[in-house]
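Trainee: Handing you a structure now.
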Amino acid sequence: MAVARATRRLLLSKRGYPDPFRLQLVTGDTYFPNAPPVALAGSNTNGQGRNGHVVGPAKVKNIRFLDAHAYVAPGSGVEIQSPANTMTWQRAAEKLTGVNTPVRSLYAGGNTGVTNPGEIILTDPVAGMEWDADTTNYSGFYRTVPLVTDTMSSVTNNGVGSQGLRTTGGSQLLRAGGGVLNNSGTSAGPACPPAMVLGIPYVPMACVIGVLDSIGYFKDDTNTSSTQGFFARAMRSVNGHCFPWHKQGIDANKIQNQMVAVAPVQKLLWPYVTDIFIQLGTNDIAASADLATMKARFTDLAAYARSIVGPYGCYLRVHASSIIPRGTLTGAQNTVRNDYNAWLAAKADGLLDKYHDIIAEAGDYTTYPNDEIHPGSTPHANMAAKVSAGMVPYVDPYFEARLAA
């Protein structure tokens with residue numbers, strides 16, 4: 001199987017390296033919804049806000065926003081196709097270089113799009129707008145629900161310039177001059193960034209999805225526009241540039257709950273990236289999964305990733321980080337952890353492109369601030385530095401294809 005994949009990669013690599021022409025993830029600060037749907041307060045049926053996104057190391061065109069009508073449940077990581085009601089979406093893009101003039105996103109030529117539970121929705125390309133490399137630009141959202149008792153999806157992270165509010169007021173997506181929304185007379189609401197900001201870069205640019213639990217997501221790190229756990233910290237600066245990134249995860253998540261058959265909506269986003277980063281595993285071991293089970297669960301994700309042809313005609317590259325020590329594991333569970341890490345370090349039977357060993361950087365679990373499971377901010381920064389350095393060759397989306405050639 002590994003030989004066949006290597007041969008297919010070689011064949012792909014010999015086709016040459018054309019200019020990008022397929023849609024892909026082009027910014028950081030994008031997330032699969034991961035908080036319980038938020039009820040609208042009072043008489044509100046509208047939610048709106050804006051969120052910043054840092055572009056990767058290439059200028060991008062054909063900007064499109066993707067949203068998902070599902071969420072990853074806190075405390076389990078189970079994918080749930082909720083809210084149960086329909087949602088009507090509007091999106092706009094703001095370019096913060098030059099004159100800040102928001103431009104509405106259309107849905108099949110119309111101003112709005114509607115989703116049902118379990119669906120994703122993709123805007124048309126934003127007319128006349130391109131975002132420069134290494135700049136921060138904004139997405140705006142305006143969503144309506146049928147009844148005041150209905151709910152909206154949300155995200156737990158505080159990204160760049162996050163703003164959200166619940167209101168009876170009209171859309172401010174095209175407000176004159178752009179900038180912060182006027183939330184006078186409204187109540188607080190979730191700042192729900194798009195699940196993905198897609199586009200076509202002018203030069204090849206890699207991008208990554210992180211499949212994460214609480215350690216990867218940010219628990220016990222600060223939740224700011226420059227932190228959010230070691231995965232986001234790392235991808236914010238790889239060789240001095242944002243490595244466009246998207247998070248799929250939440251606390252207590254397991255590989256078991258992210259397997260292909262049980263998390264189908266999240267998998268719809270995988271073809272838009274070049275790399276998958278799997279940090280999950282510690283909660284599977286804590287639930288007493290043996291080594292064979294751990295291997296099978298990882299193989300389910302990794303083999304699926306390596307079956308997907310990404311934006312550059314290459315199969316997705318697979319990364320994994322080590323499962324760090326924790327004080328709550330038994331001796332038998334630690335044996336599984338060590339053996340599983342060793343299997344990952346040996347490239348997981350040919351399924352893994354890059355193993356990121358962060359055990360030393362995670363530090364002594366007896367020093368963790370709130371429990372013996374979750375590192376504090378300093379270890380998160382150390383782990384991020386290790387992962388960032390390891391990602392440098394993968395800035396080239398053809399890196400593995402060139403090696404195969």
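Residue numbering restarts at 1 in every chain; chains get A, B, ... in the order shown in the structure tokens, and ligands count up from 1 in that same order.
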Taking only residues of segment 113-226 of chain A that have an atom at most 8 Å from an atom of segment 375-396 of chain A, what is each one's shortest atom pair and its distance in Å to one decimal, using only C-alpha atoms, in chain and number order, as CSV?
Mentor:
```
residue,atom,partner,partner_atom,distance
A:Pro204,CA,A:Asp396,CA,7.2
A:Met205,CA,A:Val395,CA,6.5
A:Ala206,CA,A:Val395,CA,5.3
A:Cys207,CA,A:Val395,CA,8.0
A:Ile215,CA,A:Pro375,CA,7.5
A:Asp220,CA,A:Gly376,CA,5.2
A:Asp221,CA,A:Ser377,CA,4.5
A:Thr222,CA,A:Ser377,CA,6.7
```
Trainee: Next, the residues of the selection above should be written as a compact mmCIF listing (two decimals), in the first residue's frame with all heavy atoms.
Mentor:
```txt
# COMPACT_ATOMS: atom_id res chain seq x y z
N PRO A 204 2.13 29.14 -5.10
CA PRO A 204 1.75 28.00 -4.26
C PRO A 204 1.93 28.28 -2.78
O PRO A 204 2.92 28.85 -2.34
CB PRO A 204 2.69 26.90 -4.75
CG PRO A 204 2.97 27.24 -6.17
CD PRO A 204 3.06 28.74 -6.19
N MET A 205 0.95 27.85 -1.99
CA MET A 205 0.93 28.14 -0.55
C MET A 205 0.24 26.99 0.17
O MET A 205 -0.91 26.66 -0.12
CB MET A 205 0.20 29.46 -0.31
CG MET A 205 0.07 29.87 1.15
SD MET A 205 -0.61 31.56 1.35
CE MET A 205 -2.32 31.32 0.81
N ALA A 206 0.93 26.37 1.11
CA ALA A 206 0.36 25.27 1.87
C ALA A 206 -0.64 25.78 2.90
O ALA A 206 -0.67 26.97 3.23
CB ALA A 206 1.46 24.47 2.54
N CYS A 207 -1.44 24.88 3.45
CA CYS A 207 -2.45 25.22 4.45
C CYS A 207 -2.82 23.96 5.22
O CYS A 207 -2.66 22.85 4.71
CB CYS A 207 -3.68 25.86 3.80
SG CYS A 207 -4.28 24.98 2.33
N ILE A 215 -5.90 20.15 24.66
CA ILE A 215 -4.50 20.55 24.68
C ILE A 215 -4.15 21.30 23.40
O ILE A 215 -3.50 22.35 23.42
CB ILE A 215 -3.58 19.33 24.88
CG1 ILE A 215 -3.85 18.69 26.25
CG2 ILE A 215 -2.11 19.71 24.75
CD1 ILE A 215 -3.16 17.36 26.46
N ASP A 220 -5.98 26.22 29.21
CA ASP A 220 -4.92 26.67 30.10
C ASP A 220 -3.83 27.48 29.41
O ASP A 220 -2.83 27.83 30.03
CB ASP A 220 -4.31 25.51 30.91
CG ASP A 220 -5.28 25.01 31.97
OD1 ASP A 220 -6.34 25.63 32.17
OD2 ASP A 220 -4.97 24.00 32.62
N ASP A 221 -4.01 27.78 28.14
CA ASP A 221 -3.26 28.86 27.50
C ASP A 221 -4.22 30.06 27.47
O ASP A 221 -5.42 29.92 27.72
CB ASP A 221 -2.84 28.48 26.09
CG ASP A 221 -1.87 29.47 25.46
OD1 ASP A 221 -1.30 30.29 26.20
OD2 ASP A 221 -1.68 29.43 24.23
N THR A 222 -3.71 31.23 27.16
CA THR A 222 -4.59 32.38 27.01
C THR A 222 -5.35 32.27 25.69
O THR A 222 -4.86 31.69 24.72
CB THR A 222 -3.80 33.69 27.07
OG1 THR A 222 -2.70 33.61 26.16
CG2 THR A 222 -3.27 33.93 28.47
```
Trainee: Which parts of segment 251-295 of chain A does DSSP call helix (DSSP H, G or I) when run on the backbone here, written out as a ChimeraX atom specification?
Mentor: /A:256-258,260-262,264-267,270-272,282-286,291-295
Trainee: Output the selection as a compact mmCIF listing (two decimals), in the first residue's frame - N, CA and C atoms for each residue.
Mentor:
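Ended up saving to out-v2.txt:
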```
# COMPACT_ATOMS: atom_id res chain seq x y z
N GLN A 256 -11.44 8.68 18.30
CA GLN A 256 -12.65 7.88 18.09
C GLN A 256 -13.81 8.72 17.58
N ASN A 257 -13.94 9.96 18.08
CA ASN A 257 -15.06 10.81 17.68
C ASN A 257 -14.79 11.63 16.43
N GLN A 258 -13.58 11.53 15.89
CA GLN A 258 -13.25 12.23 14.65
C GLN A 258 -13.08 11.27 13.48
N VAL A 260 -13.82 8.93 10.30
CA VAL A 260 -14.50 9.40 9.09
C VAL A 260 -16.00 9.17 9.15
N ALA A 261 -16.43 8.02 9.61
CA ALA A 261 -17.85 7.69 9.59
C ALA A 261 -18.68 8.50 10.58
N VAL A 262 -18.04 9.02 11.64
CA VAL A 262 -18.80 9.70 12.69
C VAL A 262 -18.61 11.21 12.68
N PRO A 264 -18.66 13.35 9.52
CA PRO A 264 -18.65 13.57 8.07
C PRO A 264 -18.64 15.02 7.64
N VAL A 265 -19.27 15.92 8.42
CA VAL A 265 -19.33 17.31 7.98
C VAL A 265 -17.94 17.94 8.03
N GLN A 266 -17.19 17.64 9.09
CA GLN A 266 -15.83 18.16 9.17
C GLN A 266 -14.96 17.68 8.00
N LYS A 267 -15.20 16.45 7.57
CA LYS A 267 -14.38 15.90 6.48
C LYS A 267 -14.65 16.58 5.15
N TRP A 270 -11.78 18.94 4.33
CA TRP A 270 -10.41 18.47 4.14
C TRP A 270 -9.85 18.68 2.73
N PRO A 271 -10.63 18.58 1.66
CA PRO A 271 -10.05 18.77 0.32
C PRO A 271 -9.53 20.18 0.06
N TYR A 272 -9.81 21.13 0.96
CA TYR A 272 -9.37 22.51 0.74
C TYR A 272 -8.00 22.81 1.36
N THR A 282 -4.77 11.57 23.62
CA THR A 282 -4.66 11.39 25.07
C THR A 282 -5.97 10.96 25.70
N ASN A 283 -7.10 11.41 25.18
CA ASN A 283 -8.38 11.02 25.76
C ASN A 283 -8.79 9.61 25.35
N ASP A 284 -8.29 9.14 24.21
CA ASP A 284 -8.53 7.74 23.85
C ASP A 284 -7.81 6.81 24.83
N ILE A 285 -6.56 7.16 25.16
CA ILE A 285 -5.80 6.33 26.10
C ILE A 285 -6.42 6.40 27.49
N ALA A 286 -6.85 7.57 27.91
CA ALA A 286 -7.46 7.70 29.23
C ALA A 286 -8.71 6.84 29.35
N LEU A 291 -3.12 -0.48 22.36
CA LEU A 291 -2.29 -0.01 21.26
C LEU A 291 -2.91 -0.34 19.91
N ALA A 292 -3.45 -1.53 19.76
CA ALA A 292 -4.05 -1.90 18.48
C ALA A 292 -5.22 -0.99 18.14
N THR A 293 -6.01 -0.64 19.15
CA THR A 293 -7.15 0.27 18.93
C THR A 293 -6.66 1.66 18.56
N MET A 294 -5.63 2.13 19.25
CA MET A 294 -5.07 3.44 18.93
C MET A 294 -4.56 3.48 17.49
N LYS A 295 -3.86 2.45 17.08
CA LYS A 295 -3.36 2.40 15.71
C LYS A 295 -4.51 2.40 14.71
```
Trainee: Show me, as number ranges by chain, the residues that have an atom within 8 Å of segment 20-23 of chain A when counting only C-alpha atoms, minus same-chain residues fewer than 3 positions from it.
Mentor: A: 198-204, 272, 311-312
Trainee: Which residues come within 7 Å of Thr101 of chain A, counting only C-alpha atoms, excluding same-chain residues fewer than 6 positions away, as a ChimeraX atom specification?
Mentor: /A:94,177-178
Trainee: Which parts of segment 114-353 of chain A does DSSP call strand (DSSP E) when run on the backbone here, written out as a PyMOL selection string?
Mentor: chain A and resi 114-115+120-122+136-144+151-154+160-167+187-188+196-201+208-212+245-249+275-278+317-321
Trainee: Identify, on the basis of only C-alpha atoms, every residue whose closest approach to Gly77 of chain A does not exceed 8 Å; exclude the query and any residue fewer than 5 positions from it along the same chain; express the result as number ranges by chain.
Mentor: A: 72, 213, 249-254, 257-258
Trainee: Okay, now the selection with all heavy atoms, as a PDB file, in the first residue's frame?
Mentor:
```
ATOM      1  N   VAL A  72     -18.882  20.777  16.962  1.00  0.00           N
ATOM      2  CA  VAL A  72     -18.196  19.745  17.726  1.00  0.00           C
ATOM      3  C   VAL A  72     -18.523  19.980  19.190  1.00  0.00           C
ATOM      4  O   VAL A  72     -18.197  21.024  19.749  1.00  0.00           O
ATOM      5  CB  VAL A  72     -16.671  19.805  17.497  1.00  0.00           C
ATOM      6  CG1 VAL A  72     -15.991  18.633  18.178  1.00  0.00           C
ATOM      7  CG2 VAL A  72     -16.360  19.795  16.015  1.00  0.00           C
ATOM      8  N   ASP A 213      -7.756  18.147  20.523  1.00  0.00           N
ATOM      9  CA  ASP A 213      -8.510  18.109  21.776  1.00  0.00           C
ATOM     10  C   ASP A 213      -8.186  19.375  22.575  1.00  0.00           C
ATOM     11  O   ASP A 213      -7.658  20.349  22.032  1.00  0.00           O
ATOM     12  CB  ASP A 213      -8.224  16.825  22.561  1.00  0.00           C
ATOM     13  CG  ASP A 213      -6.755  16.642  22.928  1.00  0.00           C
ATOM     14  OD1 ASP A 213      -6.057  17.654  23.150  1.00  0.00           O
ATOM     15  OD2 ASP A 213      -6.300  15.484  23.011  1.00  0.00           O
ATOM     16  N   GLY A 249     -11.973  20.884  16.606  1.00  0.00           N
ATOM     17  CA  GLY A 249     -11.762  20.247  17.893  1.00  0.00           C
ATOM     18  C   GLY A 249     -12.364  21.016  19.044  1.00  0.00           C
ATOM     19  O   GLY A 249     -12.924  22.097  18.877  1.00  0.00           O
ATOM     20  N   ILE A 250     -12.220  20.412  20.219  1.00  0.00           N
ATOM     21  CA  ILE A 250     -12.752  20.970  21.456  1.00  0.00           C
ATOM     22  C   ILE A 250     -12.233  20.105  22.597  1.00  0.00           C
ATOM     23  O   ILE A 250     -11.630  19.050  22.375  1.00  0.00           O
ATOM     24  CB  ILE A 250     -14.299  21.012  21.423  1.00  0.00           C
ATOM     25  CG1 ILE A 250     -14.865  21.900  22.531  1.00  0.00           C
ATOM     26  CG2 ILE A 250     -14.865  19.608  21.471  1.00  0.00           C
ATOM     27  CD1 ILE A 250     -14.472  23.339  22.490  1.00  0.00           C
ATOM     28  N   ASP A 251     -12.507  20.506  23.839  1.00  0.00           N
ATOM     29  CA  ASP A 251     -12.049  19.735  24.985  1.00  0.00           C
ATOM     30  C   ASP A 251     -12.689  18.343  25.008  1.00  0.00           C
ATOM     31  O   ASP A 251     -13.826  18.148  24.577  1.00  0.00           O
ATOM     32  CB  ASP A 251     -12.376  20.477  26.286  1.00  0.00           C
ATOM     33  CG  ASP A 251     -13.856  20.769  26.443  1.00  0.00           C
ATOM     34  OD1 ASP A 251     -14.316  21.747  25.818  1.00  0.00           O
ATOM     35  OD2 ASP A 251     -14.547  20.030  27.177  1.00  0.00           O
ATOM     36  N   ALA A 252     -11.923  17.375  25.535  1.00  0.00           N
ATOM     37  CA  ALA A 252     -12.333  15.977  25.686  1.00  0.00           C
ATOM     38  C   ALA A 252     -12.470  15.244  24.355  1.00  0.00           C
ATOM     39  O   ALA A 252     -12.970  14.114  24.318  1.00  0.00           O
ATOM     40  CB  ALA A 252     -13.616  15.846  26.502  1.00  0.00           C
ATOM     41  N   ASN A 253     -12.029  15.839  23.263  1.00  0.00           N
ATOM     42  CA  ASN A 253     -12.132  15.194  21.961  1.00  0.00           C
ATOM     43  C   ASN A 253     -11.254  13.943  21.899  1.00  0.00           C
ATOM     44  O   ASN A 253     -10.224  13.852  22.565  1.00  0.00           O
ATOM     45  CB  ASN A 253     -11.708  16.179  20.873  1.00  0.00           C
ATOM     46  CG  ASN A 253     -12.266  15.826  19.514  1.00  0.00           C
ATOM     47  OD1 ASN A 253     -13.050  14.890  19.363  1.00  0.00           O
ATOM     48  ND2 ASN A 253     -11.868  16.582  18.513  1.00  0.00           N
ATOM     49  N   LYS A 254     -11.663  12.982  21.107  1.00  0.00           N
ATOM     50  CA  LYS A 254     -10.929  11.735  20.903  1.00  0.00           C
ATOM     51  C   LYS A 254     -10.772  11.467  19.410  1.00  0.00           C
ATOM     52  O   LYS A 254     -11.574  11.936  18.593  1.00  0.00           O
ATOM     53  CB  LYS A 254     -11.692  10.549  21.515  1.00  0.00           C
ATOM     54  CG  LYS A 254     -11.990  10.649  22.990  1.00  0.00           C
ATOM     55  CD  LYS A 254     -12.841   9.452  23.419  1.00  0.00           C
ATOM     56  CE  LYS A 254     -13.245   9.555  24.871  1.00  0.00           C
ATOM     57  NZ  LYS A 254     -14.141   8.415  25.254  1.00  0.00           N
ATOM     58  N   ASN A 257     -13.944   9.961  18.076  1.00  0.00           N
ATOM     59  CA  ASN A 257     -15.059  10.810  17.683  1.00  0.00           C
ATOM     60  C   ASN A 257     -14.788  11.627  16.430  1.00  0.00           C
ATOM     61  O   ASN A 257     -15.673  12.359  15.976  1.00  0.00           O
ATOM     62  CB  ASN A 257     -15.439  11.741  18.830  1.00  0.00           C
ATOM     63  CG  ASN A 257     -16.085  11.002  19.973  1.00  0.00           C
ATOM     64  OD1 ASN A 257     -16.744   9.979  19.779  1.00  0.00           O
ATOM     65  ND2 ASN A 257     -15.888  11.489  21.194  1.00  0.00           N
ATOM     66  N   GLN A 258     -13.581  11.533  15.893  1.00  0.00           N
ATOM     67  CA  GLN A 258     -13.252  12.229  14.651  1.00  0.00           C
ATOM     68  C   GLN A 258     -13.081  11.273  13.479  1.00  0.00           C
ATOM     69  O   GLN A 258     -12.727  11.703  12.378  1.00  0.00           O
ATOM     70  CB  GLN A 258     -11.980  13.054  14.843  1.00  0.00           C
ATOM     71  CG  GLN A 258     -12.154  14.217  15.794  1.00  0.00           C
ATOM     72  CD  GLN A 258     -13.270  15.139  15.369  1.00  0.00           C
ATOM     73  OE1 GLN A 258     -13.327  15.575  14.230  1.00  0.00           O
ATOM     74  NE2 GLN A 258     -14.191  15.434  16.279  1.00  0.00           N
TER      75      GLN A 258
END
```
Trainee: Can you list, as an MDAnalysis selection string, every protein, DNA or RNA residue that comes within 10 Å of Ala68 of chain A when you count only C-alpha atoms, leaving out same-chain residues fewer than 4 positions away?
Mentor: chainID A and resid 31:33 81:82 115:122 153 194:196 265:266 268:269
Trainee: For the residues in the current selection, export C-alpha atoms as a compact mmCIF listing (two decimals), in the first residue's frame.
Mentor:
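In the end it all went to part09.txt:
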```
# COMPACT_ATOMS: atom_id res chain seq x y z
CA TYR A 31 -12.71 27.23 12.95
CA PHE A 32 -15.35 24.53 12.81
CA PRO A 33 -18.11 25.64 15.24
CA GLN A 81 -25.73 18.49 13.15
CA SER A 82 -27.26 21.43 15.02
CA THR A 115 -28.69 26.14 5.52
CA ASN A 116 -30.26 23.16 7.23
CA PRO A 117 -28.53 21.05 9.90
CA GLY A 118 -25.54 19.16 8.53
CA GLU A 119 -24.99 21.39 5.51
CA ILE A 120 -22.12 23.62 4.49
CA ILE A 121 -22.60 26.83 2.53
CA LEU A 122 -20.12 28.55 0.23
CA SER A 153 -23.84 28.21 15.98
CA PRO A 194 -16.30 31.53 8.83
CA ALA A 195 -15.34 27.88 9.01
CA MET A 196 -12.92 28.67 6.19
CA VAL A 265 -19.33 17.31 7.98
CA GLN A 266 -15.83 18.16 9.17
CA LEU A 268 -16.09 17.97 3.78
CA LEU A 269 -13.49 20.66 4.52
```
Trainee: Ile63 of chain A: which residues within 10 Å, counting only C-alpha atoms, same-chain residues fewer than 5 positions away excluded, as a list of chain:residue names?
Mentor: A:Leu23, A:Gln24, A:Leu25, A:Val26, A:Ala93, A:Ser105, A:Thr123, A:Asp124, A:Pro125, A:Val126, A:Ala127, A:Gly128, A:Met129, A:Glu130, A:Trp131, A:Val197, A:Leu198, A:Gly199, A:Ile200, A:Pro201
Trainee: Calculate how many Å separate atom CA of Pro57 of chain A from atom CA of Ala133 of chain A, rounding to one decimal.
Mentor: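 Value for the atom CA of Pro57 of chain A-atom CA of Ala133 of chain A distance: 5.0 Å.
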Trainee: Distance atom CA of Ala342 of chain A-atom CA of Asp371 of chain A, one decimal place?
Mentor: 25.7 Å
Trainee: Calculate how many Å separate atom CA of Gly210 of chain A from atom CA of Ile324 of chain A, rounding to one decimal.
Mentor: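 Calculated distance between atom CA of Gly210 of chain A and atom CA of Ile324 of chain A is 16.8 Å.
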Trainee: Using only C-alpha atoms, find the one residue out of A:Met259, A:Val54, A:Met87, A:Leu351 that sits nearest to Thr151 of chain A.
Mentor: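 Closest to Thr151 of chain A of all the choices is A:Met87.
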Trainee: Which of these, A:Asp67, A:Asp132, A:Asp29, A:Asp290, has the shortest distance to Ser162 of chain A once you count only C-alpha atoms?
Mentor: A:Asp29
